[in-house]
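A.B. asks: Sharing a structure, written as structure tokens. Questions coming.
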There are 4 protein chains.
Amino acid sequence: MGWPHLTMATGPGDVTDRTLRDHARQVTYHYDPAFIDFFARTTELAKHAFETANDVVIMQGEVVLGMEAAVASLVGPGDRVLTLISGIYGRWFKTLCDRAGAETNPLEVSPHDAVDPDAVRAALRAHPGVKFLTAVHSEMPSGTLNPVDQIGPIAREFGAISIVDASASVGGEAFHTDAWAVDVAIAGPQKCLGGVPGLSMLSVSPAAWAAMESRPAPLRDSYLSVLDWRESWIARRRFPYTISVSLVYALESVLAQTLDEGLAHRVARHSTIARAARAGVRALGFELWPARDEIAATAITVVRVPDGFPEARVRQDMRDRYGVMVAGGLGEFAGQQIRLGHMATGAHPVKLAAQLAVLERSMANAGVRVSLGAGVSAAMNLLGDWRA
Amino acid sequence: MGWPHLTMATGPGDVTDRTLRDHARQVTYHYDPAFIDFFARTTELAKHAFETANDVVIMQGEVVLGMEAAVASLVGPGDRVLTLISGIYGRWFKTLCDRAGAETNPLEVSPHDAVDPDAVRAALRAHPGVKFLTAVHSEMPSGTLNPVDQIGPIAREFGAISIVDASASVGGEAFHTDAWAVDVAIAGPQKCLGGVPGLSMLSVSPAAWAAMESRPAPLRDSYLSVLDWRESWIARRRFPYTISVSLVYALESVLAQTLDEGLAHRVARHSTIARAARAGVRALGFELWPARDEIAATAITVVRVPDGFPEARVRQDMRDRYGVMVAGGLGEFAGQQIRLGHMATGAHPVKLAAQLAVLERSMANAGVRVSLGAGVSAAMNLLGDWRA
Amino acid sequence: MGWPHLTMATGPGDVTDRTLRDHARQVTYHYDPAFIDFFARTTELAKHAFETANDVVIMQGEVVLGMEAAVASLVGPGDRVLTLISGIYGRWFKTLCDRAGAETNPLEVSPHDAVDPDAVRAALRAHPGVKFLTAVHSEMPSGTLNPVDQIGPIAREFGAISIVDASASVGGEAFHTDAWAVDVAIAGPQKCLGGVPGLSMLSVSPAAWAAMESRPAPLRDSYLSVLDWRESWIARRRFPYTISVSLVYALESVLAQTLDEGLAHRVARHSTIARAARAGVRALGFELWPARDEIAATAITVVRVPDGFPEARVRQDMRDRYGVMVAGGLGEFAGQQIRLGHMATGAHPVKLAAQLAVLERSMANAGVRVSLGAGVSAAMNLLGDWRA
Amino acid sequence: MGWPHLTMATGPGDVTDRTLRDHARQVTYHYDPAFIDFFARTTELAKHAFETANDVVIMQGEVVLGMEAAVASLVGPGDRVLTLISGIYGRWFKTLCDRAGAETNPLEVSPHDAVDPDAVRAALRAHPGVKFLTAVHSEMPSGTLNPVDQIGPIAREFGAISIVDASASVGGEAFHTDAWAVDVAIAGPQKCLGGVPGLSMLSVSPAAWAAMESRPAPLRDSYLSVLDWRESWIARRRFPYTISVSLVYALESVLAQTLDEGLAHRVARHSTIARAARAGVRALGFELWPARDEIAATAITVVRVPDGFPEARVRQDMRDRYGVMVAGGLGEFAGQQIRLGHMATGAHPVKLAAQLAVLERSMANAGVRVSLGAGVSAAMNLLGDWRA
């Protein structure tokens with residue numbers, strides 16, 4: 001099987017020429033003074049991307065490491081946690097907290113929906129003493145967004161430390177860590193930043209640091225310890241382990257490219273393409289998975305395939321015949337979805353048009369009645385005022 | 001102005017990831033024994049791509065160097081040359097021969113047409129003593145093909161040494177050097193081979209070598225001398241000058257990729273895409289520049305824009321707004337054409353669909369009445385049985 | 001501070017041109033079928049490099065993740081563990097086991113020395129019921145080697161599952177996982193394999209899998225879980241998280257390069273250079289840190305600096321003035337050592353000579369009495385029969 | 001035969017990591033607006049590197065193209081040319097002028113020596129009406145320098161247009177085009193600039209342009225025509241042929257790196273290393289090829305091997321056994337020289353020490369009596385105050 005021509009899945013995917021070249025800088029010793037400077041600069045860029053004045057820690061492992069590290073470092077036995085669940089990653093937070101021995105209070109909505117801020121407020125009222133709140137901003141398995149802009153301040157109002165998965169947001173969806181009062185935000189390079197997977201970035205508020213340190217047995221000397229980073233890198237410019245210098249090269253590159261483009265421009269770009277993608281798939285007769293456009297993610301468009309739709313066959317035809325890789329449903333959603341990614345380099349009319357043209361063609365190849373060009377037409381119709 | 005997202009012009013254009021990586025191999029001394037081996041292997045691959053048992057010489061300079069070197073090395077004052085002209089490069093051969101002091105007999109047809117083999121035979125009969133015949137296989141400024149398969153054998157029958165520009169053929173259009181009795185074929189990496197520009201490959205038959213050597217004052221000690229290559233590289237594994245090792249890295253890579261894919265498969269791929277491209281542009285209301293499909297090039301589709309069509313504005317909108325670079329008319333054809341490239345990596349449904357979607361969109365943006373999706377639909381309609 | 005000219009530290013360091021280029025292959029979706037094939041092939045190559053028929057799991061995180069994951073997945077509260085300690089990483093295993101609630105029996109020797117197999121046998125006799133034995137093959141902070149060839153079989157004889165850090169061995173020092181009866185061996189790409197840091201490879205014997213699964217509460221659903229990999233990748237070709245496709249590209253590349261060279265050839269190459277390095281530093285008046293040559297590592301040469309030696313100044317002069325990065329002592333050994341790396345691309349006369357020439361020069365610059373050229377001479381004297 | 005570990009020959013050779021990465025930027029259409037901007041910027045950088053306010057033209061072909069193009073564009077039948085000859089390339093200028101039908105007056109000195117400015121003045125007095133003067137600044141086959149700083153003004157004084165090969169100067173040896181009154185200077189990327197071979201840069205003074213245009217039959221429509229570049233690129237931002245975009249990427253990169261470092265710093269760096277190299281080879285018993293240090297090149301050190309010295313065997317041992325590529329004598333000097341390059345990345349203590357250490361070792365291997373370390377010692381002795 002040859003390599004794909006176009007990757008439009010849920011990340012990672014095609015990165016820019018510049019990213020690839022920066023990534024291929026000669027490997028160096030992680031304690032080389034030039035690398036120490038470089039890592040410090042990368043951390044500063046990450047703060048800008050998170051829009052935070054908090055510390056940002058860069059751990060080596062993709063975002064699920066960041067999620068687990070945050071929970072393992074913060075949450076202890078008996079701690080009360082409000083876990084907001086609108087999909088698979090929201091539930092994963094609960095699993096992690098449960099294993100940590102926490103007393104979890106799940107607030108769960110349908111995977112087609114978003115968490116209601118009023119319900120969050122009500123839950124925090126109903127469960128006094130909640131120490132942590134976990135939330136996912138953009139649920140990639142569902143293609144939905146939760147209103148973290150409102151949830152963050154509510155958590156803070158109730159004294160709960162918020163832990164938010166922003167992995168599919170930073171660089172493609174507005175995410176204002178400090179303005180939204182998010183204590184711990186977690187993201188990685190491989191979604192809207194268009195980077196190389198393998199790292200987690202965690203922004204950590206003073207309250208979150210205090211919570212880690214004030215535990216009866218703070219987590220130290222572990223790959224999962226966020227505190228180790230404070231006590232090594234932040235305090236002494238030492239690493240708790242050998243960091244992947246090359247992944248840091250790539251991260252610096254995509255952060256710089258993102259900030260060069262401008263966060264607001266980039267968010268608008270993703271949003272415009274997402275709107276065009278929704279128009280495109282609707283023109284092909286699909287229903288969106290999210291209950292309404294207002295809660296649809298910008299990094300990805302998830303459609304609910306009709307009964308009897310040859311979903312696997314269509315995706316396989318797209319990949320085998322045309323070299324276009326999109327994603328199907330994850331876990332419990334397998335067979336029910338097609339997930340069209342359009343993040344980072346993919347958030348562009350050229351790639352959206354190509355993706356839709358191939359989707360249409362593969363649908364026809366699989367015997368689905370479809371008018372070739374209909375999706376492309378509907379999408380491009382909204383992109384007349386695009387500006388590179 | 002940022003770099004483009006998609007280059008679909010007349011070459012060079014987007015190269016594969018593998019080509020870029022091979023190109024970036026560490027630079028070495030051209031007399032390093034490893035490079036000597038590498039250059040020899042590259043030359044062998046080139047012979048396979050040309051389908052020839054003749055020597056192939058790799059000169060440093062793009063194909064116009066190869067054309068000039070061939071003429072300067074072969075043609076002397078007073079030599080009679082039949083110059084076949086169906087476009088700009090055919091006429092260029094005449095210019096070069098004229099400067100060499102030759103007596104040129106042009107056989108010229110409309111730039112929408114191809115040279116008729118019967119007319120070639122008639123001209124050779126009418127002008128006895130023709131020593132050389134020059135021809136262009138695929139005229140990129142016109143998007144046409146000349147029947148070199150028939151012209152080559154006719155030239156040989158009359159004892160004329162044929163010099164053929166195959167620059168837009170090798171790797172995308174059938175070109176059988178030996179089966180077609182071509183004495184000197186000239187090609188470069190940057191068209192259908194999908195490579196990095198800067199080199200010329202010349203296949204040289206024994207008769208052509210003899211002609212170079214038997215001139216009263218053979219051309220030697222010059223950048224234009226093909227003989228220098230015989231007497232240095234072929235005879236002694238020495239170079240007449242410092243060859244660009246990096247361009248050779250890239251050439252070897254694209255030749256290997258081409259042969260791995262298979263010449264026949266690659267030609268079929270280009271042909272299928274060209275057919276779809278023609279359907280696409282016709283669905284948008286364009287007329288082809290070539291007089292008939294049988295003589296249309298496979299590397300490129302050239303349309304004749306209607307009177308009053310905002311050609312420059314459309315192309316500028318495609319490039320500025322969507323980052324898609326296509327070509328306009330060259331020289332005397334400026335303003336009359338749009339030239340859509342689809343060679344090498346561009347000979348693929350994904351890129352054709354993207355190109356057409358953006359062409360449509362930019363036409364609409366420029367106020368041309370067009371049905372968005374129509375071109376994509378017509379093209380994709382022919383690509384249901386594509387196979388990556 | 002500019003990037004270094006030559007990195008001769010403890011890894012990571014300069015990688016080959018081929019590694020960099022392979023590393024820079026376009027990023028793809030981790031579930032792309034081409035990547036699935038690629039990952040499977042990489043795993044097979046890793047088995048060859050470990051010389052094992054056991055499963056090999058590739059986790060995302062450098063070797064300390066592998067060490068922690070092995071302990072967290074295997075060792076439970078109350079388990080008895082014999083922890084062999086001849087340096088910092090040996091002690092780290094003990095720390096990890098202690099946190100897991102194990103009952104640890106340390107067998108510790110001086111950091112200049114290696115663990116005696118007879119002492120291991122005696123300890124296993126003295127502590128019946130030892131379930132696990134932890135060992136470090138090559139202690140990079142000390143530049144020493146432990147006789148795992150003998151320790152592994154002894155552990156097996158006593159029914160103890162052996163967990164061995166082979167991070168500085170695979171690719172540069174003989175390490176025969178199966179022949180030495182090692183149950184869990186852990187290595188990474190960035191030492192003797194000459195790769196890009198960020199991954200751990202763990203070979204897992206059937207007995208080790210059984211031990212993980214038979215725990216009262218097997219570790220699952222965690223970044224630290226080795227079992228997750230068995231139940232996802234090995235069982236179903238799924239990943240427990242988004243793997244860093246680019247690090248896998250680089251790993252495959254260095255494994256292939258290592259196996260192309262041949263493990264035995266590569267080990268001999270490292271050994272020859274290490275011998276020359278020892279001669280070189282002795283000629284400069286240094287004492288080795290390891291108590292005797294027989295236990296000196298091949299990846300690195302660690303010298304004990306004399307009292308009053310301006311160690312930091314020498315290293316800084318090497319780096320700032322000449323761009324040569326070597327390592328100082330780690331943790332408790334800071335100020336007492338210079339550690340000269342010579343692994344992977346560094347295990348070559350060209351780099352050893354350069355490193356020693358600069359060491360000499362910087363010693364002189366720092367006021368140390370030294371005869372310029374003496375170290376180079378002693379080293380090169382042993383390299384007359386080198387063969388590239 | 002594997003690729004070399006270290007290339008220290010006469011160029012091209014090892015380029016920086018940054019150059020390789022910049023070189024590997026995605027190929028684009030040469031008329032892409034982004035490339036047009038890029039080419040214009042590259043031309044400006046070249047002017048800075050030449051220290052000229054004249055036009056600089058970038059032709060595609062290595063420096064011998066530039067030399068031939070300069071002569072073919074300027075020199076016509078009957079023109080009187082003073083050709084200064086102190087080596088192979090000086091003589092090459094004469095060959096080119098002779099073929100152009102010029103009346104050449106050679107001023108020739110021994111290949112160990114440099115041209116005397118007083119002799120130039122005398123020759124110009126003796127041969128009134130000299131229209132052109134040709135000179136080579138640094139003769140790489142001899143490792144010598146001619147005093148172009150004095151020759152240029154003398155030529156101007158006599159109204160002769162000077163054509164100077166500065167290929168081994170720019171970026172490593174002081175070369176002040178305008179201050180030295182050089183009309184046409186020719187250089188390429190692959191010597192002291194440390195770039196990728198395949199281009200020539202020509203600076204052209206107004207007088208030189210006038211001379212090209214005022215010929216009875218100015219050279220146009222040829223790969224050798226410098227005028228074509230004036231009338232296409234300079235006048236209209238068009239190219240006379242498809243330029244190698246990738247070579248331009250690499251050229252821009254090395255020009256930028258050179259100017260970032262600073263021309264003066266770079267010249268001093270080369271000079272210091274050349275001095276150390278001379279000390280090194282003398283300590284090994286060699287005599288320099290140049291008659292005296294004052295005329296020794298900075299890019300390269302050429303030694304005259306003693307009678308009976310196994311020159312070929314030593315160089316082969318260096319390359320085959322240790323992967324170090326140096327150069328032997330060119331053409332008539334074959335067998336009489338070893339040429340040690342130390343330009344661009346090679347002008348560094350790390351590489352000089354490595355090169356000398358291997359030279360010593362290979363001499364010993366070939367049975368030459370040599371004290372290992374002696375050359376390294378002598379060289380490093382002069383490099384105590386090096387600064388990266």
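Residue numbering restarts at 1 in every chain; chains get A, B, ... in the order shown in the structure tokens, and ligands count up from 1 in that same order.
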Hey, list the chain C side of the contact with chain A: 8 Å cut-off, only C-alpha atoms, answer as JSON, numbers by chain.

C.D. replies: {"C": [1, 2, 3, 4, 7, 9, 10, 11, 12, 13, 14, 15, 20, 21, 23, 24, 25, 26, 27, 28, 29, 30, 32, 33, 34, 35, 60, 61, 62, 64, 65, 68, 196, 197, 198, 222, 223, 241, 242, 243, 244, 245, 246, 325]}

A.B. asks: Produce a file of the selected residues containing C-alpha atoms, as a PDB file, in the first residue's frame.

C.D. replies:
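And here is the file that came out, selection.pdb:
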ATOM      1  CA  MET C   1      24.448  30.487  20.926  1.00  0.00           C
ATOM      2  CA  GLY C   2      24.761  28.752  17.561  1.00  0.00           C
ATOM      3  CA  TRP C   3      24.137  25.076  17.007  1.00  0.00           C
ATOM      4  CA  PRO C   4      27.088  22.795  17.684  1.00  0.00           C
ATOM      5  CA  THR C   7      27.956  16.389  19.343  1.00  0.00           C
ATOM      6  CA  ALA C   9      27.794  13.478  24.407  1.00  0.00           C
ATOM      7  CA  THR C  10      25.621  10.739  25.851  1.00  0.00           C
ATOM      8  CA  GLY C  11      22.875  10.777  23.246  1.00  0.00           C
ATOM      9  CA  PRO C  12      21.067  12.023  21.399  1.00  0.00           C
ATOM     10  CA  GLY C  13      23.611  13.342  18.953  1.00  0.00           C
ATOM     11  CA  ASP C  14      24.413  13.706  15.290  1.00  0.00           C
ATOM     12  CA  VAL C  15      22.373  11.354  13.154  1.00  0.00           C
ATOM     13  CA  LEU C  20      17.281  12.948   8.846  1.00  0.00           C
ATOM     14  CA  ARG C  21      15.820  12.468   5.423  1.00  0.00           C
ATOM     15  CA  HIS C  23      12.593  11.298   9.477  1.00  0.00           C
ATOM     16  CA  ALA C  24      11.271  14.092   7.268  1.00  0.00           C
ATOM     17  CA  ARG C  25       8.861  11.895   5.323  1.00  0.00           C
ATOM     18  CA  GLN C  26       5.459  13.585   5.161  1.00  0.00           C
ATOM     19  CA  VAL C  27       3.462  13.066   8.341  1.00  0.00           C
ATOM     20  CA  THR C  28       0.514  10.756   7.940  1.00  0.00           C
ATOM     21  CA  TYR C  29      -2.498   9.590   9.921  1.00  0.00           C
ATOM     22  CA  HIS C  30      -1.477   6.835  12.295  1.00  0.00           C
ATOM     23  CA  ASP C  32      -3.388   5.098   7.408  1.00  0.00           C
ATOM     24  CA  PRO C  33      -2.975   1.578   6.032  1.00  0.00           C
ATOM     25  CA  ALA C  34       0.501   2.437   4.760  1.00  0.00           C
ATOM     26  CA  PHE C  35       1.542   3.471   8.236  1.00  0.00           C
ATOM     27  CA  GLN C  60       6.063   6.727  22.874  1.00  0.00           C
ATOM     28  CA  GLY C  61       8.393   8.245  25.394  1.00  0.00           C
ATOM     29  CA  GLU C  62      12.090   7.880  25.930  1.00  0.00           C
ATOM     30  CA  VAL C  64      12.682   6.227  31.334  1.00  0.00           C
ATOM     31  CA  LEU C  65       9.084   5.772  30.203  1.00  0.00           C
ATOM     32  CA  GLU C  68       8.611   3.023  34.487  1.00  0.00           C
ATOM     33  CA  VAL C 196      15.886  10.410  17.176  1.00  0.00           C
ATOM     34  CA  PRO C 197      14.840  10.325  20.836  1.00  0.00           C
ATOM     35  CA  GLY C 198      11.273   9.895  21.976  1.00  0.00           C
ATOM     36  CA  SER C 222      -2.781   4.031  31.153  1.00  0.00           C
ATOM     37  CA  TYR C 223       0.072   5.611  29.281  1.00  0.00           C
ATOM     38  CA  TYR C 241      -2.951   6.482  21.587  1.00  0.00           C
ATOM     39  CA  THR C 242      -1.716   8.544  18.689  1.00  0.00           C
ATOM     40  CA  ILE C 243       1.754   7.309  18.010  1.00  0.00           C
ATOM     41  CA  SER C 244       4.338   9.762  16.714  1.00  0.00           C
ATOM     42  CA  VAL C 245       4.516   8.637  13.117  1.00  0.00           C
ATOM     43  CA  SER C 246       7.642  10.694  12.507  1.00  0.00           C
ATOM     44  CA  MET C 325      29.544  19.211  22.857  1.00  0.00           C
TER      45      MET C 325
END

A.B. asks: Mind the document's chain letters and residue numbers, and return as a PyMOL selection string the residues of range 162-371 of chain A that DSSP labels helix (DSSP H, G or I).

C.D. replies: chain A and resi 206-213+227-236+245-261+263-283+293-295+311-322+331-333+344-346+349-365

A.B. asks: Would you list the contacts of Leu74 in chain B as a compact mmCIF listing (two decimals) with N, CA and C atoms, in the first residue's frame, taking every protein, DNA or RNA residue within 10 Å and counting only C-alpha atoms, but skipping same-chain residues closer than 6 positions in sequence?

C.D. replies:
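After the write, part-v9.txt holds the following:
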# COMPACT_ATOMS: atom_id res chain seq x y z
N GLU B 68 20.36 23.51 -27.66
CA GLU B 68 21.43 24.31 -28.26
C GLU B 68 22.71 23.48 -28.40
N CYS B 97 19.64 26.56 -35.63
CA CYS B 97 20.30 26.04 -36.84
C CYS B 97 20.74 27.20 -37.74
N ALA B 100 23.83 28.60 -36.57
CA ALA B 100 24.96 27.70 -36.84
C ALA B 100 25.39 27.78 -38.30
N LYS B 131 20.58 16.75 -44.05
CA LYS B 131 21.46 16.01 -43.14
C LYS B 131 20.83 15.84 -41.77
N PHE B 132 20.04 16.83 -41.35
CA PHE B 132 19.41 16.78 -40.04
C PHE B 132 17.94 17.14 -40.13
N ILE B 161 19.65 12.71 -39.83
CA ILE B 161 19.78 12.49 -38.39
C ILE B 161 18.70 13.30 -37.69
N ILE B 163 16.79 15.03 -34.58
CA ILE B 163 17.05 15.68 -33.29
C ILE B 163 15.68 16.06 -32.73
N ALA B 208 24.83 9.88 -34.78
CA ALA B 208 24.96 11.26 -34.30
C ALA B 208 26.37 11.52 -33.78
N TRP B 209 26.92 10.56 -33.06
CA TRP B 209 28.32 10.72 -32.61
C TRP B 209 29.24 10.89 -33.82
N ALA B 210 29.02 10.06 -34.82
CA ALA B 210 29.87 10.12 -36.00
C ALA B 210 29.76 11.49 -36.67
N ALA B 211 28.54 11.99 -36.71
CA ALA B 211 28.35 13.30 -37.33
C ALA B 211 29.08 14.40 -36.56
N MET B 212 29.05 14.30 -35.24
CA MET B 212 29.76 15.32 -34.44
C MET B 212 31.26 15.26 -34.69
N GLU B 213 31.76 14.04 -34.76
CA GLU B 213 33.22 13.87 -34.86
C GLU B 213 33.75 14.15 -36.25
N SER B 214 32.87 13.99 -37.24
CA SER B 214 33.36 14.12 -38.61
C SER B 214 33.25 15.55 -39.14
N ARG B 215 32.80 16.46 -38.27
CA ARG B 215 32.75 17.85 -38.74
C ARG B 215 34.17 18.36 -38.96
N PRO B 218 35.16 19.92 -35.11
CA PRO B 218 34.23 19.43 -34.09
C PRO B 218 34.21 20.38 -32.89
N LEU B 219 33.04 20.50 -32.30
CA LEU B 219 32.92 21.40 -31.13
C LEU B 219 33.48 20.70 -29.88
N SER B 225 29.39 21.62 -25.78
CA SER B 225 29.89 20.46 -26.50
C SER B 225 29.37 19.14 -25.93
N VAL B 226 28.67 18.41 -26.76
CA VAL B 226 28.25 17.07 -26.35
C VAL B 226 29.42 16.11 -26.45
N LEU B 227 30.28 16.37 -27.42
CA LEU B 227 31.47 15.53 -27.59
C LEU B 227 32.35 15.51 -26.34

A.B. asks: Quick one: residues within 12 Å of Arg275 in chain D, only C-alpha atoms, excluding same-chain residues fewer than 5 positions away - as a PyMOL selection string?

C.D. replies: chain D and resi 268-270+280-282+288+293-301+342+347-349+352+378-383

A.B. asks: So what do you get for CA of Leu82 in chain A versus CA of His112 in chain A, distance-wise?

C.D. replies: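 For CA of Leu82 in chain A relative to CA of His112 in chain A, the distance reads 20.2 Å.
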
A.B. asks: Pick from B:Pro310, B:Gly129, B:Gly87, B:Gly101: nearest to Thr144 in chain B, with only C-alpha atoms counted?

C.D. replies: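 Answer, going by the shortest atom-to-atom distance: B:Gly87.
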
A.B. asks: Within 8 Å of range 367-375 of chain C, counting only C-alpha atoms, which residues show up once you throw out same-chain ones fewer than 2 positions away? Write them as a list in words, please.

C.D. replies: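 The residues satisfying every condition are Ala279, Gly280, Val281, Arg282, Ala283, Leu284, Phe309, Leu356, Ala357, Glu360, Arg361, Met363, Ala364, Asn365, Ser377, Ala378 and Ala379 of chain C; Leu372, Gly373, Ala374, Val376, Ser377, Met380 and Asn381 of chain D.
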
A.B. asks: Find the residues near Asp98 in chain B: any atom within 10 Å, counting only C-alpha atoms, skip ones fewer than 2 places away on the same chain, and give them as a PyMOL selection string.

C.D. replies: chain B and resi 71+75-79+81+92-96+100-104

A.B. asks: Store the residues picked out above, limited to N, CA, C and O atoms, as a CSV table (one decimal), in the first residue's frame.

C.D. replies:
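Generated output (again_8.csv):
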chain,number,residue,atom,x,y,z
B,71,VAL,N,22.4,21.1,-31.4
B,71,VAL,CA,22.6,21.8,-32.7
B,71,VAL,C,24.0,22.3,-32.8
B,71,VAL,O,24.7,22.0,-33.9
B,75,VAL,N,25.4,20.5,-36.0
B,75,VAL,CA,25.1,21.3,-37.3
B,75,VAL,C,26.2,22.3,-37.6
B,75,VAL,O,26.5,23.1,-36.7
B,76,GLY,N,26.7,22.3,-38.8
B,76,GLY,CA,27.7,23.2,-39.2
B,76,GLY,C,27.2,24.1,-40.3
B,76,GLY,O,26.2,23.9,-40.9
B,77,PRO,N,28.1,25.0,-40.7
B,77,PRO,CA,27.7,25.9,-41.8
B,77,PRO,C,27.4,25.1,-43.1
B,77,PRO,O,28.2,24.2,-43.4
B,78,GLY,N,26.3,25.5,-43.7
B,78,GLY,CA,26.0,24.9,-44.9
B,78,GLY,C,25.2,23.6,-44.8
B,78,GLY,O,24.7,23.1,-45.8
B,79,ASP,N,25.1,23.0,-43.6
B,79,ASP,CA,24.4,21.8,-43.5
B,79,ASP,C,22.9,22.0,-43.8
B,79,ASP,O,22.3,23.0,-43.3
B,81,VAL,N,19.1,21.4,-43.1
B,81,VAL,CA,18.3,20.9,-42.0
B,81,VAL,C,16.8,21.1,-42.3
B,81,VAL,O,16.4,22.2,-42.7
B,92,TRP,N,12.3,27.5,-32.4
B,92,TRP,CA,13.6,27.7,-31.7
B,92,TRP,C,14.7,26.9,-32.4
B,92,TRP,O,15.8,27.3,-32.5
B,93,PHE,N,14.4,25.6,-32.7
B,93,PHE,CA,15.3,24.8,-33.4
B,93,PHE,C,15.8,25.5,-34.7
B,93,PHE,O,17.0,25.4,-35.0
B,94,LYS,N,14.9,26.1,-35.4
B,94,LYS,CA,15.3,26.7,-36.6
B,94,LYS,C,16.3,27.9,-36.3
B,94,LYS,O,17.3,28.1,-37.0
B,95,THR,N,15.9,28.7,-35.3
B,95,THR,CA,16.8,29.8,-34.9
B,95,THR,C,18.2,29.3,-34.6
B,95,THR,O,19.2,29.9,-35.0
B,96,LEU,N,18.3,28.2,-33.9
B,96,LEU,CA,19.6,27.7,-33.5
B,96,LEU,C,20.4,27.2,-34.7
B,96,LEU,O,21.6,27.4,-34.9
B,100,ALA,N,23.8,28.6,-36.6
B,100,ALA,CA,25.0,27.7,-36.8
B,100,ALA,C,25.4,27.8,-38.3
B,100,ALA,O,26.3,27.1,-38.7
B,101,GLY,N,24.7,28.5,-39.1
B,101,GLY,CA,25.0,28.7,-40.5
B,101,GLY,C,24.4,27.7,-41.4
B,101,GLY,O,24.8,27.5,-42.6
B,102,ALA,N,23.5,26.9,-40.9
B,102,ALA,CA,22.8,25.9,-41.7
B,102,ALA,C,21.9,26.5,-42.7
B,102,ALA,O,21.5,27.6,-42.6
B,103,GLU,N,21.6,25.6,-43.7
B,103,GLU,CA,20.6,26.0,-44.7
B,103,GLU,C,19.3,25.3,-44.2
B,103,GLU,O,19.2,24.1,-44.3
B,104,THR,N,18.4,26.1,-43.7
B,104,THR,CA,17.2,25.4,-43.0
B,104,THR,C,16.0,25.4,-44.0
B,104,THR,O,15.8,26.4,-44.7

A.B. asks: Write down as a PyMOL selection string the residues of range 158-372 of chain B whose backbone DSSP state falls under strand (DSSP E or B).

C.D. replies: chain B and resi 161-165+184-187+199-204+287-288+296+300-304+324-325+327-328+337-341

A.B. asks: When you look at Glu173 in chain C with a cut-off of 12 Å (counting only C-alpha atoms), what residues show up, excluding the ones that are within fewer than 4 positions of it in the same chain? I need them as a PyMOL selection string.

C.D. replies: chain C and resi 49-50+137-138+144-149+166-169+191-193+263-274+295-300+343-344+347
